[in-house]
>>> print(open('structure10.txt').read())   # compact mmCIF, C-alpha atoms and all ligand atoms
# COMPACT_ATOMS: atom_id res chain seq x y z
CA MET A 891 109.23 -121.80 217.83
CA SER A 892 110.97 -118.45 217.30
CA GLN A 893 111.48 -117.44 213.67
CA LYS A 894 115.01 -116.73 212.43
CA LYS A 895 115.48 -112.98 211.83
CA GLN A 896 116.61 -112.35 208.28
CA MET A 897 116.80 -108.59 207.97
CA LYS A 898 118.10 -106.03 210.46
CA VAL A 899 116.20 -102.76 210.08
CA LEU A 900 116.43 -99.33 211.72
CA ILE A 901 113.36 -97.09 211.69
CA THR A 902 113.73 -93.40 212.52
CA GLY A 903 110.82 -91.16 213.54
CA ALA A 904 109.19 -94.25 215.09
CA ASP A 905 106.51 -92.32 217.00
CA GLY A 906 105.12 -90.47 213.97
CA GLN A 907 102.08 -91.66 212.03
CA LEU A 908 104.13 -93.67 209.57
CA GLY A 909 106.75 -94.81 212.09
CA TRP A 910 104.00 -96.21 214.29
CA GLU A 911 102.37 -98.06 211.39
CA LEU A 912 105.77 -99.37 210.25
CA ARG A 913 106.31 -100.88 213.68
CA ARG A 914 102.86 -102.49 213.63
CA ALA A 915 103.35 -103.90 210.13
CA ALA A 916 106.93 -105.16 210.60
CA PRO A 917 107.33 -108.67 209.14
CA ALA A 918 108.21 -111.39 211.66
CA ALA A 919 111.57 -112.00 209.98
CA VAL A 920 112.72 -108.44 210.68
CA GLU A 921 115.03 -107.65 213.59
CA LEU A 922 113.74 -104.18 214.31
CA THR A 923 115.29 -101.19 216.04
CA ALA A 924 112.75 -98.38 216.07
CA CYS A 925 113.89 -94.99 217.40
CA ASN A 926 111.80 -91.93 218.15
CA SER A 927 113.25 -88.42 218.06
CA ALA A 928 114.48 -88.64 221.67
CA GLU A 929 116.28 -91.93 220.99
CA LEU A 930 117.85 -90.84 217.70
CA ASP A 931 117.77 -87.19 216.69
CA ILE A 932 118.63 -87.23 213.00
CA THR A 933 119.84 -83.61 213.11
CA SER A 934 122.91 -84.77 215.02
CA GLY A 935 125.20 -86.03 212.27
CA ALA A 936 127.77 -87.41 214.71
CA LEU A 937 125.12 -89.31 216.66
CA VAL A 938 123.60 -90.75 213.48
CA LYS A 939 127.01 -91.94 212.25
CA GLU A 940 127.90 -93.50 215.59
CA PHE A 941 124.48 -95.14 216.06
CA VAL A 942 124.37 -96.66 212.59
CA SER A 943 127.97 -97.89 212.66
CA ARG A 944 127.28 -99.61 216.00
CA LEU A 945 123.93 -101.14 214.98
CA ARG A 946 124.99 -102.08 211.42
CA PRO A 947 121.45 -102.42 210.00
CA GLN A 948 120.90 -103.80 206.52
CA ILE A 949 118.15 -101.28 205.84
CA ILE A 950 117.22 -97.90 207.32
CA ILE A 951 113.66 -96.65 206.83
CA ASN A 952 113.57 -92.92 207.44
CA ALA A 953 110.13 -91.94 208.72
CA ALA A 954 111.52 -88.94 210.62
CA ALA A 955 110.60 -85.57 209.18
CA TYR A 956 109.72 -82.00 209.96
CA THR A 957 106.11 -82.06 208.72
CA ALA A 958 104.67 -78.73 209.92
CA VAL A 959 104.10 -77.32 206.42
CA ASP A 960 102.95 -73.84 207.49
CA LYS A 961 105.37 -73.43 210.40
CA ALA A 962 108.23 -74.35 208.07
CA GLU A 963 107.82 -70.99 206.30
CA GLY A 964 109.12 -69.33 209.49
CA GLU A 965 111.43 -72.16 210.61
CA VAL A 966 113.55 -72.66 207.53
CA GLU A 967 116.68 -73.75 209.40
CA ARG A 968 114.84 -76.37 211.46
CA ALA A 969 113.03 -77.76 208.40
CA MET A 970 116.30 -77.97 206.48
CA ALA A 971 118.15 -79.52 209.43
CA VAL A 972 115.67 -82.41 209.64
CA ASN A 973 114.47 -82.89 206.08
CA ARG A 974 117.64 -82.07 204.14
CA ASP A 975 120.63 -82.60 206.43
CA GLY A 976 119.09 -85.39 208.53
CA ALA A 977 118.25 -87.39 205.42
CA ALA A 978 121.73 -86.77 203.99
CA ASP A 979 123.51 -87.85 207.18
CA LEU A 980 121.42 -91.01 207.44
CA ALA A 981 122.26 -91.85 203.82
CA ALA A 982 125.97 -91.29 204.39
CA ALA A 983 125.86 -93.46 207.51
CA ALA A 984 123.98 -96.18 205.58
CA ALA A 985 126.57 -96.11 202.80
CA ASP A 986 129.41 -96.41 205.35
CA VAL A 987 128.06 -99.74 206.64
CA GLY A 988 126.81 -101.04 203.25
CA ALA A 989 123.14 -100.62 204.22
CA GLY A 990 120.26 -99.56 202.03
CA ILE A 991 117.99 -96.65 202.91
CA ILE A 992 114.32 -96.07 202.15
CA HIS A 993 113.31 -92.45 202.50
CA VAL A 994 109.80 -91.03 202.47
CA SER A 995 109.10 -87.81 200.61
CA THR A 996 106.14 -85.78 199.47
CA ASP A 997 103.85 -84.51 196.72
CA PHE A 998 104.92 -81.02 197.90
CA VAL A 999 108.06 -81.33 195.74
CA PHE A 1000 105.68 -80.49 192.84
CA ASP A 1001 103.79 -77.24 192.24
CA GLY A 1002 100.62 -79.14 191.27
CA CYS A 1003 99.92 -76.95 188.26
CA HIS A 1004 99.78 -79.85 185.74
CA TYR A 1005 96.36 -81.42 185.81
CA ARG A 1006 97.61 -84.96 185.27
CA PRO A 1007 99.19 -87.36 187.79
CA TYR A 1008 102.86 -86.57 188.44
CA LEU A 1009 105.43 -89.16 187.40
CA PRO A 1010 108.51 -89.75 189.59
CA GLU A 1011 110.71 -88.28 186.85
CA ASP A 1012 108.65 -85.09 186.36
CA ALA A 1013 110.53 -81.88 187.12
CA PRO A 1014 109.96 -80.87 190.74
CA HIS A 1015 109.07 -77.29 191.66
CA PRO A 1016 108.20 -76.91 195.33
CA LEU A 1017 106.03 -73.96 196.32
CA GLY A 1018 107.31 -73.57 199.89
CA VAL A 1019 109.99 -74.33 202.45
CA TYR A 1020 108.69 -77.77 203.44
CA GLY A 1021 108.72 -78.98 199.81
CA GLN A 1022 112.13 -77.39 199.21
CA SER A 1023 113.59 -79.08 202.28
CA LYS A 1024 112.15 -82.47 201.29
CA LEU A 1025 113.43 -82.14 197.72
CA ALA A 1026 116.91 -81.17 198.94
CA GLY A 1027 116.83 -84.22 201.24
CA GLU A 1028 115.86 -86.53 198.37
CA ARG A 1029 118.70 -85.28 196.20
CA LEU A 1030 121.41 -85.53 198.85
CA LEU A 1031 120.18 -88.95 199.95
CA LEU A 1032 120.30 -90.34 196.41
CA ALA A 1033 123.77 -88.86 195.90
CA LYS A 1034 125.22 -90.18 199.17
CA CYS A 1035 123.87 -93.74 199.12
CA ARG A 1036 123.74 -95.78 195.92
CA ASN A 1037 121.45 -98.30 197.57
CA SER A 1038 118.61 -95.86 198.26
CA ALA A 1039 114.93 -95.52 197.43
CA VAL A 1040 112.76 -92.41 197.73
CA ILE A 1041 109.04 -93.05 198.08
CA ARG A 1042 106.90 -89.93 197.67
CA THR A 1043 103.47 -89.98 199.20
CA ALA A 1044 100.63 -87.56 200.04
CA TRP A 1045 97.70 -86.74 202.33
CA VAL A 1046 98.76 -89.28 204.99
CA TYR A 1047 96.52 -90.16 207.96
CA SER A 1048 96.49 -92.86 210.62
CA SER A 1049 94.63 -93.68 213.82
CA HIS A 1050 97.86 -92.59 215.57
CA GLY A 1051 99.07 -88.98 215.50
CA ASN A 1052 97.67 -85.73 214.17
CA ASN A 1053 96.07 -85.54 210.76
CA PHE A 1054 93.16 -84.23 208.69
CA VAL A 1055 90.84 -87.11 209.66
CA LYS A 1056 91.23 -86.39 213.37
CA THR A 1057 90.88 -82.63 212.87
CA MET A 1058 87.66 -83.15 210.90
CA LEU A 1059 86.19 -85.47 213.55
CA ARG A 1060 86.96 -82.94 216.25
CA LEU A 1061 85.44 -80.04 214.30
CA MET A 1062 82.40 -82.06 213.20
CA ALA A 1063 81.71 -83.12 216.79
CA GLY A 1064 81.81 -79.53 218.03
CA ARG A 1065 80.32 -77.43 215.23
CA ASP A 1066 77.09 -77.21 213.29
CA GLU A 1067 78.88 -76.04 210.15
CA LEU A 1068 82.41 -76.02 208.76
CA GLY A 1069 84.12 -74.99 205.53
CA VAL A 1070 86.63 -77.21 203.72
CA VAL A 1071 88.76 -76.41 200.67
CA ALA A 1072 87.27 -77.96 197.53
CA ASP A 1073 89.75 -76.88 194.85
CA GLN A 1074 92.83 -78.80 196.00
CA ILE A 1075 92.93 -82.35 194.69
CA GLY A 1076 94.98 -85.29 195.98
CA SER A 1077 94.85 -88.89 197.16
CA PRO A 1078 94.10 -89.55 200.84
CA THR A 1079 96.53 -92.25 201.99
CA TRP A 1080 96.32 -94.53 205.01
CA ALA A 1081 99.72 -94.78 206.69
CA GLY A 1082 99.08 -98.48 207.41
CA GLY A 1083 98.93 -99.29 203.69
CA LEU A 1084 101.95 -97.11 203.02
CA ALA A 1085 103.87 -98.96 205.75
CA GLN A 1086 103.11 -102.30 204.09
CA ALA A 1087 104.29 -100.93 200.74
CA LEU A 1088 107.55 -99.78 202.37
CA TRP A 1089 108.18 -103.22 203.86
CA GLN A 1090 107.59 -104.71 200.39
CA THR A 1091 109.97 -102.14 198.92
CA ALA A 1092 112.60 -103.22 201.46
CA ALA A 1093 112.10 -106.91 200.67
CA ALA A 1094 112.34 -106.23 196.93
CA LYS A 1095 115.54 -104.17 197.47
CA LEU A 1096 114.26 -101.43 195.17
CA THR A 1097 116.33 -98.34 194.46
CA GLY A 1098 115.34 -95.08 192.76
CA VAL A 1099 112.40 -92.70 193.05
CA TYR A 1100 108.81 -93.97 193.28
CA HIS A 1101 105.35 -92.77 194.22
CA TRP A 1102 102.88 -94.43 196.56
CA THR A 1103 99.44 -93.25 197.62
CA ASP A 1104 96.10 -94.95 197.89
CA ALA A 1105 94.16 -95.15 194.61
CA GLY A 1106 91.60 -92.59 193.52
CA ILE A 1107 91.45 -88.84 194.00
CA ALA A 1108 89.42 -86.38 196.07
CA SER A 1109 89.32 -82.76 197.13
CA TRP A 1110 89.72 -82.00 200.85
CA TYR A 1111 85.99 -81.27 200.77
CA ASP A 1112 85.20 -84.72 199.31
CA PHE A 1113 87.51 -86.31 201.88
CA ALA A 1114 85.73 -84.45 204.71
CA CYS A 1115 82.30 -85.57 203.43
CA ALA A 1116 83.51 -89.20 203.30
CA ILE A 1117 84.97 -88.96 206.82
CA GLN A 1118 81.64 -87.69 208.14
CA GLU A 1119 79.63 -90.34 206.30
CA GLU A 1120 81.79 -93.21 207.59
CA ALA A 1121 81.96 -91.79 211.12
CA LEU A 1122 78.16 -91.43 211.30
CA ALA A 1123 77.72 -95.00 210.02
CA LEU A 1124 80.13 -96.33 212.65
CA GLY A 1125 78.65 -94.21 215.47
CA ILE A 1126 81.91 -92.29 215.93
CA LEU A 1127 79.89 -89.11 215.24
CA LYS A 1128 76.36 -88.73 216.60
CA ARG A 1129 75.12 -85.82 214.51
CA GLN A 1130 75.69 -84.35 211.08
CA ALA A 1131 77.45 -81.01 210.54
CA VAL A 1132 76.95 -78.97 207.37
CA ILE A 1133 80.14 -79.05 205.29
CA ARG A 1134 80.58 -76.07 202.97
CA PRO A 1135 83.03 -76.16 200.02
CA LEU A 1136 85.63 -73.36 200.15
CA ARG A 1137 88.00 -71.96 197.56
CA THR A 1138 91.72 -71.86 198.43
CA GLU A 1139 91.60 -68.05 198.53
CA ASP A 1140 88.86 -68.26 201.19
CA TYR A 1141 91.22 -70.22 203.47
CA PRO A 1142 94.64 -68.51 203.33
CA THR A 1143 97.62 -70.40 204.81
CA PRO A 1144 101.27 -69.33 205.24
CA ALA A 1145 102.44 -72.05 202.82
CA ARG A 1146 101.01 -72.43 199.32
CA ARG A 1147 99.66 -75.90 198.51
CA PRO A 1148 99.87 -77.69 195.15
CA PRO A 1149 96.34 -77.48 193.67
CA TYR A 1150 96.65 -80.87 191.92
CA ALA A 1151 98.78 -83.15 194.11
CA VAL A 1152 98.01 -86.45 192.41
CA LEU A 1153 100.97 -88.83 192.03
CA ASP A 1154 101.31 -91.50 189.34
CA LYS A 1155 102.12 -94.65 191.26
CA THR A 1156 101.90 -97.23 188.49
CA GLY A 1157 105.70 -97.76 188.55
CA LEU A 1158 105.77 -98.93 192.16
CA TRP A 1159 102.49 -100.82 191.82
CA GLN A 1160 104.03 -102.79 188.95
CA LYS A 1161 107.30 -103.48 190.81
CA LEU A 1162 105.42 -104.69 193.91
CA GLY A 1163 102.88 -106.65 191.88
CA ALA A 1164 99.82 -105.00 193.46
CA ALA A 1165 97.96 -101.70 193.31
CA ALA A 1166 96.96 -99.82 196.45
CA PRO A 1167 93.29 -100.02 197.40
CA HIS A 1168 91.00 -97.05 196.78
CA TRP A 1169 91.33 -94.37 199.49
CA ARG A 1170 87.71 -94.84 200.53
CA PHE A 1171 88.32 -98.55 201.23
CA ASN A 1172 91.38 -97.72 203.34
CA LEU A 1173 89.50 -95.02 205.27
CA LYS A 1174 87.16 -97.75 206.54
CA LYS A 1175 90.10 -100.09 207.14
CA CYS A 1176 91.89 -97.48 209.29
CA TRP A 1177 88.94 -97.42 211.69
CA ARG A 1178 88.73 -101.20 211.85
CA ASN A 1179 92.44 -101.54 212.70
N1 LIG B 1201 101.52 -86.41 206.82
C1 LIG B 1201 101.35 -86.22 205.52
O1 LIG B 1201 100.26 -85.85 205.05
C2 LIG B 1201 102.48 -86.48 204.56
C3 LIG B 1201 102.28 -86.21 203.20
C4 LIG B 1201 103.32 -86.46 202.31
C5 LIG B 1201 104.52 -86.97 202.77
N2 LIG B 1201 104.69 -87.19 204.09
C6 LIG B 1201 105.98 -87.70 204.53
O2 LIG B 1201 105.75 -88.96 205.16
C7 LIG B 1201 106.73 -89.15 206.17
C8 LIG B 1201 106.06 -89.55 207.47
O3 LIG B 1201 105.18 -88.50 207.85
P1 LIG B 1201 104.21 -88.62 209.09
O4 LIG B 1201 102.88 -88.22 208.61
O5 LIG B 1201 104.40 -89.93 209.77
O6 LIG B 1201 104.79 -87.44 209.99
P2 LIG B 1201 104.67 -87.22 211.56
O7 LIG B 1201 103.49 -87.92 212.10
O8 LIG B 1201 104.81 -85.74 211.74
O9 LIG B 1201 105.96 -87.93 212.12
C9 LIG B 1201 107.24 -87.45 211.92
C10 LIG B 1201 108.10 -87.98 213.05
O10 LIG B 1201 109.43 -87.49 212.81
C11 LIG B 1201 109.96 -87.19 214.08
N3 LIG B 1201 111.06 -86.23 214.00
C12 LIG B 1201 111.00 -84.90 213.78
N4 LIG B 1201 112.22 -84.38 213.85
C13 LIG B 1201 113.08 -85.40 214.12
C14 LIG B 1201 114.46 -85.50 214.33
N5 LIG B 1201 115.25 -84.41 214.29
N6 LIG B 1201 115.00 -86.71 214.59
C15 LIG B 1201 114.22 -87.81 214.66
N7 LIG B 1201 112.90 -87.79 214.48
C16 LIG B 1201 112.33 -86.59 214.21
C17 LIG B 1201 108.80 -86.60 214.88
O11 LIG B 1201 109.07 -86.73 216.26
P3 LIG B 1201 108.68 -85.55 217.28
O12 LIG B 1201 107.17 -85.47 217.19
O13 LIG B 1201 109.18 -86.04 218.58
O14 LIG B 1201 109.34 -84.31 216.77
C18 LIG B 1201 107.65 -87.49 214.43
O15 LIG B 1201 107.47 -88.59 215.30
C19 LIG B 1201 107.55 -87.86 206.23
O16 LIG B 1201 108.72 -88.03 205.49
C20 LIG B 1201 106.66 -86.83 205.56
O17 LIG B 1201 107.43 -85.80 204.98
C21 LIG B 1201 103.70 -86.97 205.00
>>> encode(input="structure10.txt", output="structure tokens", more="lines below")
Ligand SMILES: NC(=O)c1ccc[n+]([C@@H]2O[C@H](COP(=O)([O-])OP(=O)(O)OC[C@H]3O[C@@H](n4cnc5c(N)ncnc54)[C@H](OP(=O)(O)O)[C@@H]3O)[C@@H](O)[C@H]2O)c1
Amino acid sequence: MSQKKQMKVLITGADGQLGWELRRAAPAAVELTACNSAELDITSGALVKEFVSRLRPQIIINAAAYTAVDKAEGEVERAMAVNRDGAADLAAAAADVGAGIIHVSTDFVFDGCHYRPYLPEDAPHPLGVYGQSKLAGERLLLAKCRNSAVIRTAWVYSSHGNNFVKTMLRLMAGRDELGVVADQIGSPTWAGGLAQALWQTAAAKLTGVYHWTDAGIASWYDFACAIQEEALALGILKRQAVIRPLRTEDYPTPARRPPYAVLDKTGLWQKLGAAAPHWRFNLKKCWRN
């Protein structure tokens, strides 16, 4: 017997890590329209307005983003077009049809210089273009649609798409030794768990700014060691590479990273009635899914 659809939802950026996991985790009662960048380019304001007014979703989940943190330093206009203007146009289109919008943002809105978990209401101070574009998008989105929620997350990986886990597996398979930054701290977050939290956020009709990552913290070096340990145990890797801890200054990148990118997620955990699992648990779960 087919189940009655109770909520009409539009997902943007449907082929990204999060978009893909959102599609997989969609509740049966959702009537889903999931668009990749070719099907709905959020930098076209006119297209977004027309598409949303025709579809009339009850909720939009915006998983579309310009996520190339280093490239963004040289592609300011493109980053702003997607992360600032795209988010704003989606929010305006949502407001026009009385829909809600859930928008995903980042730990990069903070400078990471406070060595305590960041609260949603802490003053943002992005260190680079990507963080600036995401913060501008958050602000416009909240201003343009009353019924909006911003969920900031960090260090996202999935079995689909490009991410740190896949890069590490590739390097570990091909090298005897590699160096990984050990003085940047954050919370590795499985996109599958984040997707479930976003569906719960939609069902609970939450508005405002929240944080969601997996529980626990790690440096990139710790994360790399855990990836290797799990991959060896599962037979994904056949041999062990030596992993050397690096300092940030030993691994210069065009964009500066927040040294302490830990988010306080207790607010959203309380609203949803459950905490996220520890990142190490979800790392194993990602490979089993
Ligand atoms: N990945 C992380 O570590 C991380 C950390 C913190 C926050 N976040 C946030 O989490 C969200 C999801 O990230 P993710 O990891 O899933 O990123 P992702 O894998 O890079 O996916 C982003 C998707 O957005 C699409 N996109 C780009 N420009 C678009 C446009 N103009 N119109 C429509 N779609 C467009 C991309 O499509 P194309 O590939 O076709 O361009 C891609 O499929 C983003 O808001 C990101 O800022 C991510």
>>> closest_residue(input="structure10.txt", among="A:Leu1127, A:Val1070, A:Ala977, A:Ala1081", to="A:Val1040", atoms="all atoms listed in the file")
A:Ala977
>>> closest_atom_pairs(input="structure10.txt", of="chain A", to="ligand LIG 1201 (chain B)", cutoff="9 Å", atoms="only C-alpha atoms and all ligand atoms", output="tab-separated table")
residue	atom	partner	partner_atom	distance
A:Thr902	CA	B:LIG1201	N7	6.0
A:Gly903	CA	B:LIG1201	O10	4.0
A:Ala904	CA	B:LIG1201	O15	5.9
A:Asp905	CA	B:LIG1201	O15	4.2
A:Gly906	CA	B:LIG1201	O9	3.3
A:Gln907	CA	B:LIG1201	O5	3.7
A:Leu908	CA	B:LIG1201	O5	3.8
A:Gly909	CA	B:LIG1201	O5	5.9
A:Trp910	CA	B:LIG1201	O5	7.7
A:Glu911	CA	B:LIG1201	O5	8.5
A:Cys925	CA	B:LIG1201	C15	7.7
A:Asn926	CA	B:LIG1201	N7	5.6
A:Ser927	CA	B:LIG1201	C15	3.6
A:Ala928	CA	B:LIG1201	O13	6.7
A:Glu929	CA	B:LIG1201	C15	7.8
A:Leu930	CA	B:LIG1201	C15	5.6
A:Asp931	CA	B:LIG1201	N6	3.5
A:Ile932	CA	B:LIG1201	N6	4.0
A:Thr933	CA	B:LIG1201	N5	4.8
A:Ser934	CA	B:LIG1201	N5	7.7
A:Asn952	CA	B:LIG1201	O16	7.2
A:Ala953	CA	B:LIG1201	C8	4.9
A:Ala954	CA	B:LIG1201	O10	3.4
A:Ala955	CA	B:LIG1201	O10	4.3
A:Tyr956	CA	B:LIG1201	C12	5.0
A:Thr957	CA	B:LIG1201	O8	4.9
A:Ala958	CA	B:LIG1201	O8	7.2
A:Arg968	CA	B:LIG1201	N5	8.5
A:Ala969	CA	B:LIG1201	N4	8.6
A:Ala971	CA	B:LIG1201	N5	7.5
A:Val972	CA	B:LIG1201	N5	5.1
A:Asn973	CA	B:LIG1201	O17	7.7
A:Gly976	CA	B:LIG1201	N5	7.0
A:His993	CA	B:LIG1201	O16	7.0
A:Val994	CA	B:LIG1201	O16	4.4
A:Ser995	CA	B:LIG1201	O16	4.9
A:Thr996	CA	B:LIG1201	C5	3.9
A:Asp997	CA	B:LIG1201	C4	5.9
A:Phe998	CA	B:LIG1201	C4	7.2
A:Tyr1020	CA	B:LIG1201	O17	8.3
A:Gly1021	CA	B:LIG1201	O17	8.7
A:Lys1024	CA	B:LIG1201	O17	6.9
A:Ile1041	CA	B:LIG1201	O2	8.8
A:Arg1042	CA	B:LIG1201	C5	6.4
A:Thr1043	CA	B:LIG1201	C4	4.7
A:Ala1044	CA	B:LIG1201	C4	3.7
A:Trp1045	CA	B:LIG1201	O1	3.8
A:Val1046	CA	B:LIG1201	O1	3.7
A:Tyr1047	CA	B:LIG1201	N1	6.4
A:Ser1048	CA	B:LIG1201	O4	8.1
A:His1050	CA	B:LIG1201	O7	8.1
A:Gly1051	CA	B:LIG1201	O7	5.7
A:Asn1052	CA	B:LIG1201	O7	6.6
A:Asn1053	CA	B:LIG1201	N1	6.8
A:Phe1054	CA	B:LIG1201	O1	8.1
A:Pro1078	CA	B:LIG1201	O1	8.3
A:Thr1079	CA	B:LIG1201	O1	8.0
A:Ala1081	CA	B:LIG1201	O5	7.4
>>> closest_residue(input="structure10.txt", among="A:Lys939, A:Lys1034, A:Arg1134, A:His1004", to="A:Ala978", atoms="all atoms listed in the file")
A:Lys1034
>>> atom_distance(input="structure10.txt", atom1="atom CA of A:Tyr1141", atom2="atom CA of A:Trp1102")
27.7 Å
>>> residues_around(input="structure10.txt", residues="stretch 1103-1114 of chain A", least_positions_apart="3", cutoff="8 Å", atoms="all atoms listed in the file", output="PyMOL selection string")
chain A and resi 1043-1044+1055+1058+1070-1080+1083-1084+1117-1118+1133-1136+1152-1153+1155+1165-1169+1172
>>> atom_distance(input="structure10.txt", atom1="atom CA of A:Gly1027", atom2="atom CA of A:Ala981")
9.7 Å
>>> closest_residue(input="structure10.txt", among="A:Ala983, A:Pro1007, A:Arg944, A:Ile992", to="A:Ala1092", atoms="all atoms listed in the file")
A:Ile992
>>> decode(input="structure10.txt", residues="stretch 1039-1097 of chain A", atoms="C-alpha atoms", output="mmCIF file, in the first residue's frame")
data_model
loop_
_atom_site.group_PDB
_atom_site.id
_atom_site.type_symbol
_atom_site.label_atom_id
_atom_site.label_comp_id
_atom_site.auth_asym_id
_atom_site.auth_seq_id
_atom_site.Cartn_x
_atom_site.Cartn_y
_atom_site.Cartn_z
ATOM 1 C CA ALA A 1039 16.832 27.525 9.922
ATOM 2 C CA VAL A 1040 20.608 27.661 9.515
ATOM 3 C CA ILE A 1041 22.472 24.515 10.533
ATOM 4 C CA ARG A 1042 26.236 24.970 10.758
ATOM 5 C CA THR A 1043 28.368 21.884 10.459
ATOM 6 C CA ALA A 1044 32.034 20.932 9.949
ATOM 7 C CA TRP A 1045 34.509 18.390 8.560
ATOM 8 C CA VAL A 1046 31.867 16.584 6.471
ATOM 9 C CA TYR A 1047 32.578 13.278 4.698
ATOM 10 C CA SER A 1048 30.505 10.610 2.985
ATOM 11 C CA SER A 1049 31.034 7.512 0.866
ATOM 12 C CA HIS A 1050 29.821 9.711 -2.026
ATOM 13 C CA GLY A 1051 31.850 12.671 -3.287
ATOM 14 C CA ASN A 1052 35.263 14.099 -2.494
ATOM 15 C CA ASN A 1053 36.433 14.476 1.067
ATOM 16 C CA PHE A 1054 39.297 14.020 3.533
ATOM 17 C CA VAL A 1055 38.538 10.320 4.135
ATOM 18 C CA LYS A 1056 38.826 9.492 0.438
ATOM 19 C CA THR A 1057 41.965 11.612 0.015
ATOM 20 C CA MET A 1058 43.608 9.842 2.961
ATOM 21 C CA LEU A 1059 42.727 6.379 1.623
ATOM 22 C CA ARG A 1060 44.184 7.279 -1.757
ATOM 23 C CA LEU A 1061 47.409 8.671 -0.257
ATOM 24 C CA MET A 1062 47.769 5.810 2.231
ATOM 25 C CA ALA A 1063 47.368 3.233 -0.546
ATOM 26 C CA GLY A 1064 50.078 4.871 -2.653
ATOM 27 C CA ARG A 1065 52.658 6.168 -0.179
ATOM 28 C CA ASP A 1066 54.884 4.806 2.551
ATOM 29 C CA GLU A 1067 54.670 8.030 4.539
ATOM 30 C CA LEU A 1068 52.457 11.118 4.696
ATOM 31 C CA GLY A 1069 52.186 14.237 6.838
ATOM 32 C CA VAL A 1070 48.893 15.473 8.274
ATOM 33 C CA VAL A 1071 48.173 18.691 10.186
ATOM 34 C CA ALA A 1072 47.931 18.034 13.914
ATOM 35 C CA ASP A 1073 47.213 21.506 15.306
ATOM 36 C CA GLN A 1074 43.766 22.113 13.790
ATOM 37 C CA ILE A 1075 40.963 20.669 15.884
ATOM 38 C CA GLY A 1076 37.387 19.898 14.830
ATOM 39 C CA SER A 1077 34.677 17.252 14.742
ATOM 40 C CA PRO A 1078 34.615 14.834 11.796
ATOM 41 C CA THR A 1079 30.989 14.528 10.692
ATOM 42 C CA TRP A 1080 29.347 11.828 8.603
ATOM 43 C CA ALA A 1081 26.987 13.405 6.059
ATOM 44 C CA GLY A 1082 24.528 10.526 6.578
ATOM 45 C CA GLY A 1083 24.010 11.470 10.229
ATOM 46 C CA LEU A 1084 23.789 15.142 9.323
ATOM 47 C CA ALA A 1085 21.128 14.316 6.714
ATOM 48 C CA GLN A 1086 19.031 12.532 9.339
ATOM 49 C CA ALA A 1087 19.365 15.526 11.665
ATOM 50 C CA LEU A 1088 18.184 17.831 8.855
ATOM 51 C CA TRP A 1089 15.111 15.684 8.197
ATOM 52 C CA GLN A 1090 14.345 15.827 11.941
ATOM 53 C CA THR A 1091 14.839 19.596 11.855
ATOM 54 C CA ALA A 1092 12.327 19.796 9.001
ATOM 55 C CA ALA A 1093 9.788 17.638 10.846
ATOM 56 C CA ALA A 1094 10.180 19.729 14.009
ATOM 57 C CA LYS A 1095 9.746 22.965 11.961
ATOM 58 C CA LEU A 1096 12.691 24.574 13.751
ATOM 59 C CA THR A 1097 13.773 28.110 12.934
#
